[in-house]
Amino acid sequence: MAVSDHVDLNGFMEGVKKRNPYQPEFVQAVQEVAEDIFEFMEDKEEYHSQQILRRIAEPDRVVSFRVCWEDDAGNIRVQRGWRVQNNNAIGPYKGGIRFHPSVNESVLKFLAFEQTFKNALTGLPMGGGKGGSNFNPKGKSVREIMRFCQSFMTELYRHIGADVDVPAGDIGVGAREIGFMFGQYKRITNNFTGVLTGKGLEWGGSLIRTEATGYGAVYFLAEMLATKGEDLAGKTAVISGSGNVATHAAEKIVQLGGKVLTLSDSGGFIHDPDGITQEKIDWVKSHKTHRRGRIEDYVAAFPKATFHAGKTPWGVPCDVALPCATQNELLGEDAKTLIANGCRAVSEGANMPTDLDGVHAFKAAKILYAPGKASNAGGVAVSGLEMSQNSERRSWKEEELQQMLKDIMSGIHQSCIRYGDQGGGYIDYVKGANIAGFKKVADAMLAFGVV
Ligand code: GLU
């Protein structure tokens with residue numbers, strides 16, 4: 001009798017915990033998926049006997065390396081770098097690079113695991129990967145960041161390639177860092193290929209890549225509201241974060257007639273009861289991205305707003321919420337507060353921002369709740385379109401790309417309904433996204449046999 005016949009969800013999770021000690025983020029991400037997939041697999045013996053979920057939850061490889069660099073004072077600094085190549089059943093590994101002091105193997109394994117499902121949902125041929133370093137870009141000079149990026153790429157270059165693994169940005173890695181890394185890749189290999197996405201427009205980047213994650217999360221939110229015959233006009237939105245995803249989500253909410261009340265960073269959140277208009281969003285973009293400032297400075301520029309140090313914005317009553325900062329920033333209690341205050345829809349712009357208690361609370365309340373692997377897939381989707389443009393050696397027009405992004409988000413929404421419709425007007429988007437993403441990868445893996 002096959003071993004798998006004896007393994008139920010609890011047994012499976014026990015194994016995951018045992019094999020991945022001290023990796024709580026990774027275990028959490030696997031648990032969230034496994035809860036739905038075990039139910040789906042009940043009558044599908046092949047997925048069980050071929051150990052498909054067990055295989056997806058074991059990265060193809062984890063590369064870990066030392067990154068040495070010299071700071072402006074001449075000190076030698078040593079950081080750790082990683083690339084987690086989780087699964088390439090449906091295309092080259094694809095996923096961002098994160099530079100943040102919280103980065104460790106657990107965080108990158110959870111992100112690479114999530115990315116595998118997210119990328120499958122886009123419908124584009126991309127496998128799942130993620131990389132990064134515990135390097136903290138905060139307070140570093142541009143020259144220090146350049147030297148770090150060059151050193152990081154000097155090791156990473158041997159593991160990536162346009163048809164092998166295509167990294168992009170994530171927290172702490174934007175167009176500037178991608179530029180430094182691409183420059184070093186090109187210098188080492190003498191190859192001008194689409195080995196990274198999120199590139200500058202002059203050297204192979206795609207229009208709307210910068211806006212895509214935030215815009216996509218709002219398109220997804222609009223799709224969810226439409227199932228209830230509603231739209232965003234006149235709705236109040238609470239958003240966390242103030243980086244690329246949060247500011248572009250805010251921008252799209254404003255364009256669609258909504259009112260954005262909050263933004264945040266690691267220091268706390270600002271609450272602007274008048275609404276964060278496009279002009280104010282532009283101020284945040286320039287203050288946070290170009291001047292590397294703090295969100296608390298917003299209240300000096302716009303005095304009607306208040307700053308709440310050390311707090312997250314989930315206690316502010318709203319119609320819709322978009323967690324766009326980082327993992328586990330919205331806990332079970334926060335979810336209950338949002339629901340009690342009348343929040344009707346949550347669209348995640350970050351990766352796994354809601355903890356398991358929060359996910360269960362949203363599901364129990366049957367509100368419209370989209371997990372990041374569905375709602376924030378717009379970013380990697382346009383990365384996929386950047387790869388296509390690089391292969392074709394041409395650039396598509398903005399309108400074409402806008403339409404493709406909208407179509408992809410709407411396609412993901414359809415997939416979620418297909419596998420997540422629970423009847424009685426309730427769609428379990430977590431279940432829908434997990435099953436749709438899993439099925440595509442799983443069926444490809446079945447075709448390849450035991451590898
Ligand atoms: N880091 C983004 C994500 O979490 C984008 C990845 C990419 O474009 O490859 O999906």
# chains A, B, ... in the order shown; residues from 1 in each chain; ligands from 1
call {"tool": "residues_around", "arguments": {"residues": "Lys366 in chain A", "least_positions_apart": "5", "cutoff": "9 Å", "atoms": "only C-alpha atoms", "output": "JSON, numbers by chain"}}
result
{"A": [361, 426, 427, 428]}
call {"tool": "write_last_selection", "arguments": {"atoms": "N, CA, C and O atoms", "output": "compact mmCIF listing (two decimals), in the first residue's frame"}}
result
# COMPACT_ATOMS: atom_id res chain seq x y z
N ALA A 361 -10.86 34.03 10.15
CA ALA A 361 -11.91 34.98 10.54
C ALA A 361 -12.62 35.54 9.30
O ALA A 361 -13.85 35.63 9.27
N TYR A 426 -21.59 32.93 -1.87
CA TYR A 426 -20.28 33.09 -1.23
C TYR A 426 -19.18 32.43 -2.06
O TYR A 426 -19.26 31.25 -2.41
N ILE A 427 -18.15 33.23 -2.35
CA ILE A 427 -16.98 32.69 -3.05
C ILE A 427 -15.80 32.66 -2.08
O ILE A 427 -15.42 33.68 -1.52
N ASP A 428 -15.25 31.46 -1.89
CA ASP A 428 -14.05 31.31 -1.05
C ASP A 428 -12.85 31.51 -1.98
O ASP A 428 -12.41 30.56 -2.66
call {"tool": "residues_near_ligand", "arguments": {"ligand": "ligand 1", "cutoff": "6 Å", "atoms": "only C-alpha atoms and all ligand atoms", "output": "short mmCIF file (atom, residue, chain, number, x, y, z; two decimals) with all heavy atoms, in the first residue's frame"}}
result
data_model
loop_
_atom_site.label_atom_id
_atom_site.label_comp_id
_atom_site.auth_asym_id
_atom_site.auth_seq_id
_atom_site.Cartn_x
_atom_site.Cartn_y
_atom_site.Cartn_z
N LYS A 94 10.54 32.20 -11.45
CA LYS A 94 10.27 33.64 -11.57
C LYS A 94 9.82 34.16 -10.22
O LYS A 94 8.96 33.56 -9.57
CB LYS A 94 9.15 33.86 -12.60
CG LYS A 94 8.78 35.31 -12.78
CD LYS A 94 9.66 35.98 -13.82
CE LYS A 94 9.61 37.49 -13.75
NZ LYS A 94 10.50 38.06 -12.68
N GLY A 95 10.38 35.27 -9.79
CA GLY A 95 9.98 35.87 -8.53
C GLY A 95 11.02 36.90 -8.10
O GLY A 95 12.14 36.90 -8.59
N GLY A 96 10.61 37.75 -7.18
CA GLY A 96 11.42 38.91 -6.84
C GLY A 96 12.62 38.63 -5.94
O GLY A 96 12.86 37.50 -5.50
N PRO A 167 14.77 36.78 -11.85
CA PRO A 167 14.40 37.58 -10.68
C PRO A 167 13.83 38.96 -11.05
O PRO A 167 13.92 39.40 -12.21
CB PRO A 167 15.71 37.74 -9.91
CG PRO A 167 16.64 36.70 -10.46
CD PRO A 167 16.22 36.54 -11.89
N ALA A 168 13.26 39.62 -10.05
CA ALA A 168 12.71 40.97 -10.22
C ALA A 168 12.87 41.68 -8.88
O ALA A 168 13.65 41.26 -8.04
CB ALA A 168 11.24 40.88 -10.63
N GLY A 169 12.09 42.75 -8.67
CA GLY A 169 12.16 43.47 -7.40
C GLY A 169 11.17 42.92 -6.38
O GLY A 169 10.34 42.08 -6.67
N ASP A 170 11.29 43.40 -5.16
CA ASP A 170 10.36 43.13 -4.07
C ASP A 170 10.69 44.19 -3.02
O ASP A 170 11.28 45.24 -3.37
CB ASP A 170 10.55 41.70 -3.54
CG ASP A 170 9.36 41.21 -2.70
OD1 ASP A 170 8.35 40.79 -3.28
OD2 ASP A 170 9.44 41.25 -1.46
N ALA A 377 -1.14 39.39 -8.05
CA ALA A 377 -0.44 38.74 -9.16
C ALA A 377 -0.19 39.67 -10.35
O ALA A 377 0.53 39.31 -11.29
CB ALA A 377 -1.22 37.52 -9.63
N GLY A 379 1.63 42.27 -10.62
CA GLY A 379 3.05 42.64 -10.77
C GLY A 379 3.83 41.60 -11.53
O GLY A 379 4.46 41.89 -12.56
N VAL A 380 3.73 40.36 -11.07
CA VAL A 380 4.49 39.32 -11.76
C VAL A 380 3.89 39.05 -13.14
O VAL A 380 4.61 38.65 -14.06
CB VAL A 380 4.58 38.03 -10.89
CG1 VAL A 380 3.29 37.25 -10.88
CG2 VAL A 380 5.74 37.17 -11.36
N SER A 383 5.54 41.36 -15.29
CA SER A 383 6.91 40.83 -15.45
C SER A 383 6.93 39.77 -16.55
O SER A 383 7.85 39.73 -17.36
CB SER A 383 7.40 40.20 -14.15
OG SER A 383 7.95 41.16 -13.28
#
call {"tool": "residues_around", "arguments": {"residues": "Gly332 in chain A", "least_positions_apart": "2", "cutoff": "10 Å", "atoms": "only C-alpha atoms", "output": "list of chain:residue names"}}
result
A:Asn328, A:Leu330, A:Asp334, A:Ala335, A:Lys336, A:Thr337, A:Thr354, A:Asp355, A:Leu356, A:Asp357, A:Gly358, A:Val359, A:His360, A:Ala361, A:Phe362
call {"tool": "atom_distance", "arguments": {"atom1": "CA of Gly432 in chain A", "atom2": "CA of Ala212 in chain A"}}
result
22.1 Å
call {"tool": "closest_atom_pairs", "arguments": {"of": "range 323-377 of chain A", "to": "range 237-243 of chain A", "cutoff": "7 Å", "atoms": "only C-alpha atoms", "output": "JSON lines"}}
result
{"residue": "A:Pro323", "atom": "CA", "partner": "A:Ser240", "partner_atom": "CA", "distance": 5.0}
{"residue": "A:Cys324", "atom": "CA", "partner": "A:Gly241", "partner_atom": "CA", "distance": 5.2}
{"residue": "A:Ala325", "atom": "CA", "partner": "A:Gly241", "partner_atom": "CA", "distance": 4.2}
call {"tool": "write_last_selection", "arguments": {"atoms": "N, CA, C and O atoms", "output": "PDB file, in the first residue's frame"}}
result
ATOM      1  N   PRO A 323      -4.170  45.407   2.590  1.00  0.00           N
ATOM      2  CA  PRO A 323      -2.865  45.285   3.249  1.00  0.00           C
ATOM      3  C   PRO A 323      -1.766  45.199   2.190  1.00  0.00           C
ATOM      4  O   PRO A 323      -1.696  44.230   1.443  1.00  0.00           O
ATOM      5  N   CYS A 324      -0.922  46.217   2.132  1.00  0.00           N
ATOM      6  CA  CYS A 324       0.081  46.310   1.062  1.00  0.00           C
ATOM      7  C   CYS A 324       1.480  46.505   1.632  1.00  0.00           C
ATOM      8  O   CYS A 324       2.341  47.093   0.969  1.00  0.00           O
ATOM      9  N   ALA A 325       1.730  46.045   2.881  1.00  0.00           N
ATOM     10  CA  ALA A 325       3.045  46.273   3.471  1.00  0.00           C
ATOM     11  C   ALA A 325       3.891  45.000   3.463  1.00  0.00           C
ATOM     12  O   ALA A 325       4.831  44.874   2.671  1.00  0.00           O
TER      13      ALA A 325
END
call {"tool": "closest_residue", "arguments": {"among": "A:Val78, A:Phe192, A:Tyr22, A:Glu70", "to": "Ser391 in chain A", "atoms": "only C-alpha atoms"}}
result
A:Phe192
call {"tool": "closest_residue", "arguments": {"among": "A:Ser141, A:Asn134, A:Thr193, A:Thr210", "to": "Val103 in chain A", "atoms": "only C-alpha atoms"}}
result
A:Asn134
call {"tool": "residues_around", "arguments": {"residues": "Gln278 in chain A", "least_positions_apart": "2", "cutoff": "8 Å", "atoms": "only C-alpha atoms", "output": "PyMOL selection string"}}
result
chain A and resi 251+254+276+280-282
call {"tool": "atom_distance", "arguments": {"atom1": "CA of Glu105 in chain A", "atom2": "CA of Lys363 in chain A"}}
result
29.2 Å
call {"tool": "atom_distance", "arguments": {"atom1": "CA of Gln28 in chain A", "atom2": "CA of Val450 in chain A"}}
result
26.5 Å
call {"tool": "closest_residue", "arguments": {"among": "A:Ile76, A:Met126, A:Val63, A:Ala233", "to": "Leu108 in chain A", "atoms": "only C-alpha atoms"}}
result
A:Val63
call {"tool": "residues_around", "arguments": {"residues": "Leu121 in chain A", "least_positions_apart": "5", "cutoff": "10 Å", "atoms": "only C-alpha atoms", "output": "ChimeraX atom specification"}}
result
/A:115-116,126,373-374,377,381,408-409,411-413,415-416,433-441
call {"tool": "write_last_selection", "arguments": {"atoms": "C-alpha atoms", "output": "mmCIF file, in the first residue's frame"}}
result
data_model
loop_
_atom_site.group_PDB
_atom_site.id
_atom_site.type_symbol
_atom_site.label_atom_id
_atom_site.label_comp_id
_atom_site.auth_asym_id
_atom_site.auth_seq_id
_atom_site.Cartn_x
_atom_site.Cartn_y
_atom_site.Cartn_z
ATOM 1 C CA GLN A 115 4.927 32.551 -5.997
ATOM 2 C CA THR A 116 4.550 29.085 -7.557
ATOM 3 C CA MET A 126 6.361 31.011 -15.139
ATOM 4 C CA LYS A 373 -1.491 35.009 -4.535
ATOM 5 C CA ALA A 374 -4.586 36.019 -6.502
ATOM 6 C CA ALA A 377 -0.437 38.745 -9.162
ATOM 7 C CA ALA A 381 1.993 39.126 -14.626
ATOM 8 C CA ILE A 408 -5.238 38.669 -16.563
ATOM 9 C CA MET A 409 -6.728 39.910 -13.267
ATOM 10 C CA GLY A 411 -9.005 35.649 -15.625
ATOM 11 C CA ILE A 412 -7.638 35.010 -12.120
ATOM 12 C CA HIS A 413 -10.960 36.127 -10.658
ATOM 13 C CA SER A 415 -10.437 30.833 -11.851
ATOM 14 C CA CYS A 416 -11.162 31.640 -8.199
ATOM 15 C CA ALA A 433 -6.855 30.423 -5.822
ATOM 16 C CA ASN A 434 -5.170 27.510 -4.073
ATOM 17 C CA ILE A 435 -6.925 24.866 -6.141
ATOM 18 C CA ALA A 436 -6.608 26.645 -9.499
ATOM 19 C CA GLY A 437 -2.895 27.349 -8.947
ATOM 20 C CA PHE A 438 -2.212 23.861 -7.622
ATOM 21 C CA LYS A 439 -4.037 22.056 -10.410
ATOM 22 C CA LYS A 440 -2.019 23.660 -13.186
ATOM 23 C CA VAL A 441 1.341 22.934 -11.574
#
call {"tool": "residues_around", "arguments": {"residues": "Asp407 in chain A", "least_positions_apart": "2", "cutoff": "12 Å", "atoms": "only C-alpha atoms", "output": "PyMOL selection string"}}
result
chain A and resi 122-123+216+219-220+223+378+381-382+400-405+409-414
call {"tool": "closest_residue", "arguments": {"among": "A:Met445, A:Val166, A:Val218, A:Val316", "to": "Gln51 in chain A", "atoms": "only C-alpha atoms"}}
result
A:Met445
call {"tool": "closest_residue", "arguments": {"among": "A:Gly183, A:Gly214, A:Gly15, A:Gly420", "to": "Met146 in chain A", "atoms": "only C-alpha atoms"}}
result
A:Gly183
call {"tool": "residues_around", "arguments": {"residues": "Phe269 in chain A", "least_positions_apart": "5", "cutoff": "6 Å", "atoms": "only C-alpha atoms", "output": "list of chain:residue names"}}
result
A:Leu263, A:Ser264, A:Phe307, A:His308
call {"tool": "closest_atom_pairs", "arguments": {"of": "range 165-189 of chain A", "to": "range 195-206 of chain A", "cutoff": "10 Å", "atoms": "only C-alpha atoms", "output": "CSV"}}
result
residue,atom,partner,partner_atom,distance
A:Asp165,CA,A:Val195,CA,7.4
A:Val166,CA,A:Val195,CA,5.1
A:Pro167,CA,A:Leu196,CA,5.1
A:Ala168,CA,A:Thr197,CA,4.9
A:Gly169,CA,A:Gly198,CA,6.6
A:Asp170,CA,A:Gly198,CA,9.8
A:Val173,CA,A:Gly198,CA,9.7
A:Gly174,CA,A:Gly198,CA,7.5
A:Ala175,CA,A:Lys199,CA,6.1
A:Arg176,CA,A:Gly200,CA,8.4
A:Glu177,CA,A:Lys199,CA,9.5
A:Ile178,CA,A:Lys199,CA,6.3
A:Gly179,CA,A:Lys199,CA,6.6
A:Met181,CA,A:Leu196,CA,8.6
A:Phe182,CA,A:Leu196,CA,6.9
A:Tyr185,CA,A:Val195,CA,8.5
A:Lys186,CA,A:Val195,CA,9.5
call {"tool": "write_last_selection", "arguments": {"atoms": "N, CA and C atoms", "output": "mmCIF file, in the first residue's frame"}}
result
data_model
loop_
_atom_site.group_PDB
_atom_site.id
_atom_site.type_symbol
_atom_site.label_atom_id
_atom_site.label_comp_id
_atom_site.auth_asym_id
_atom_site.auth_seq_id
_atom_site.Cartn_x
_atom_site.Cartn_y
_atom_site.Cartn_z
ATOM 1 N N ASP A 165 15.883 31.219 -14.693
ATOM 2 C CA ASP A 165 15.346 31.855 -13.480
ATOM 3 C C ASP A 165 15.458 33.354 -13.696
ATOM 4 N N VAL A 166 14.328 34.047 -13.569
ATOM 5 C CA VAL A 166 14.282 35.480 -13.878
ATOM 6 C C VAL A 166 13.831 36.268 -12.639
ATOM 7 N N PRO A 167 14.771 36.778 -11.849
ATOM 8 C CA PRO A 167 14.397 37.584 -10.681
ATOM 9 C C PRO A 167 13.832 38.960 -11.053
ATOM 10 N N ALA A 168 13.261 39.617 -10.050
ATOM 11 C CA ALA A 168 12.713 40.969 -10.224
ATOM 12 C C ALA A 168 12.870 41.679 -8.881
ATOM 13 N N GLY A 169 12.093 42.749 -8.668
ATOM 14 C CA GLY A 169 12.159 43.466 -7.400
ATOM 15 C C GLY A 169 11.173 42.925 -6.382
ATOM 16 N N ASP A 170 11.293 43.402 -5.164
ATOM 17 C CA ASP A 170 10.356 43.129 -4.073
ATOM 18 C C ASP A 170 10.687 44.191 -3.023
ATOM 19 N N VAL A 173 13.925 46.448 -3.134
ATOM 20 C CA VAL A 173 14.552 46.334 -4.464
ATOM 21 C C VAL A 173 13.603 46.943 -5.496
ATOM 22 N N GLY A 174 14.002 48.111 -6.022
ATOM 23 C CA GLY A 174 13.223 48.792 -7.047
ATOM 24 C C GLY A 174 14.070 48.939 -8.303
ATOM 25 N N ALA A 175 13.639 49.864 -9.177
ATOM 26 C CA ALA A 175 14.305 50.020 -10.482
ATOM 27 C C ALA A 175 15.796 50.327 -10.320
ATOM 28 N N ARG A 176 16.139 51.113 -9.296
ATOM 29 C CA ARG A 176 17.555 51.464 -9.115
ATOM 30 C C ARG A 176 18.412 50.220 -8.836
ATOM 31 N N GLU A 177 17.938 49.367 -7.917
ATOM 32 C CA GLU A 177 18.693 48.166 -7.563
ATOM 33 C C GLU A 177 18.725 47.182 -8.732
ATOM 34 N N ILE A 178 17.581 47.068 -9.455
ATOM 35 C CA ILE A 178 17.549 46.186 -10.629
ATOM 36 C C ILE A 178 18.592 46.689 -11.639
ATOM 37 N N GLY A 179 18.707 48.009 -11.769
ATOM 38 C CA GLY A 179 19.708 48.586 -12.678
ATOM 39 C C GLY A 179 21.126 48.171 -12.284
ATOM 40 N N MET A 181 22.023 45.635 -10.529
ATOM 41 C CA MET A 181 22.224 44.180 -10.683
ATOM 42 C C MET A 181 22.312 43.785 -12.149
ATOM 43 N N PHE A 182 21.476 44.422 -12.991
ATOM 44 C CA PHE A 182 21.516 44.108 -14.421
ATOM 45 C C PHE A 182 22.864 44.539 -15.001
ATOM 46 N N TYR A 185 25.360 41.935 -14.087
ATOM 47 C CA TYR A 185 25.124 40.682 -14.822
ATOM 48 C C TYR A 185 25.705 40.790 -16.233
ATOM 49 N N LYS A 186 25.404 41.915 -16.871
ATOM 50 C CA LYS A 186 25.839 42.155 -18.244
ATOM 51 C C LYS A 186 27.373 42.237 -18.311
#
call {"tool": "select_by_dssp", "arguments": {"residues": "range 292-366 of chain A", "states": "strand (DSSP E)", "output": "ChimeraX atom specification"}}
result
/A:306-309,320-323,345-347
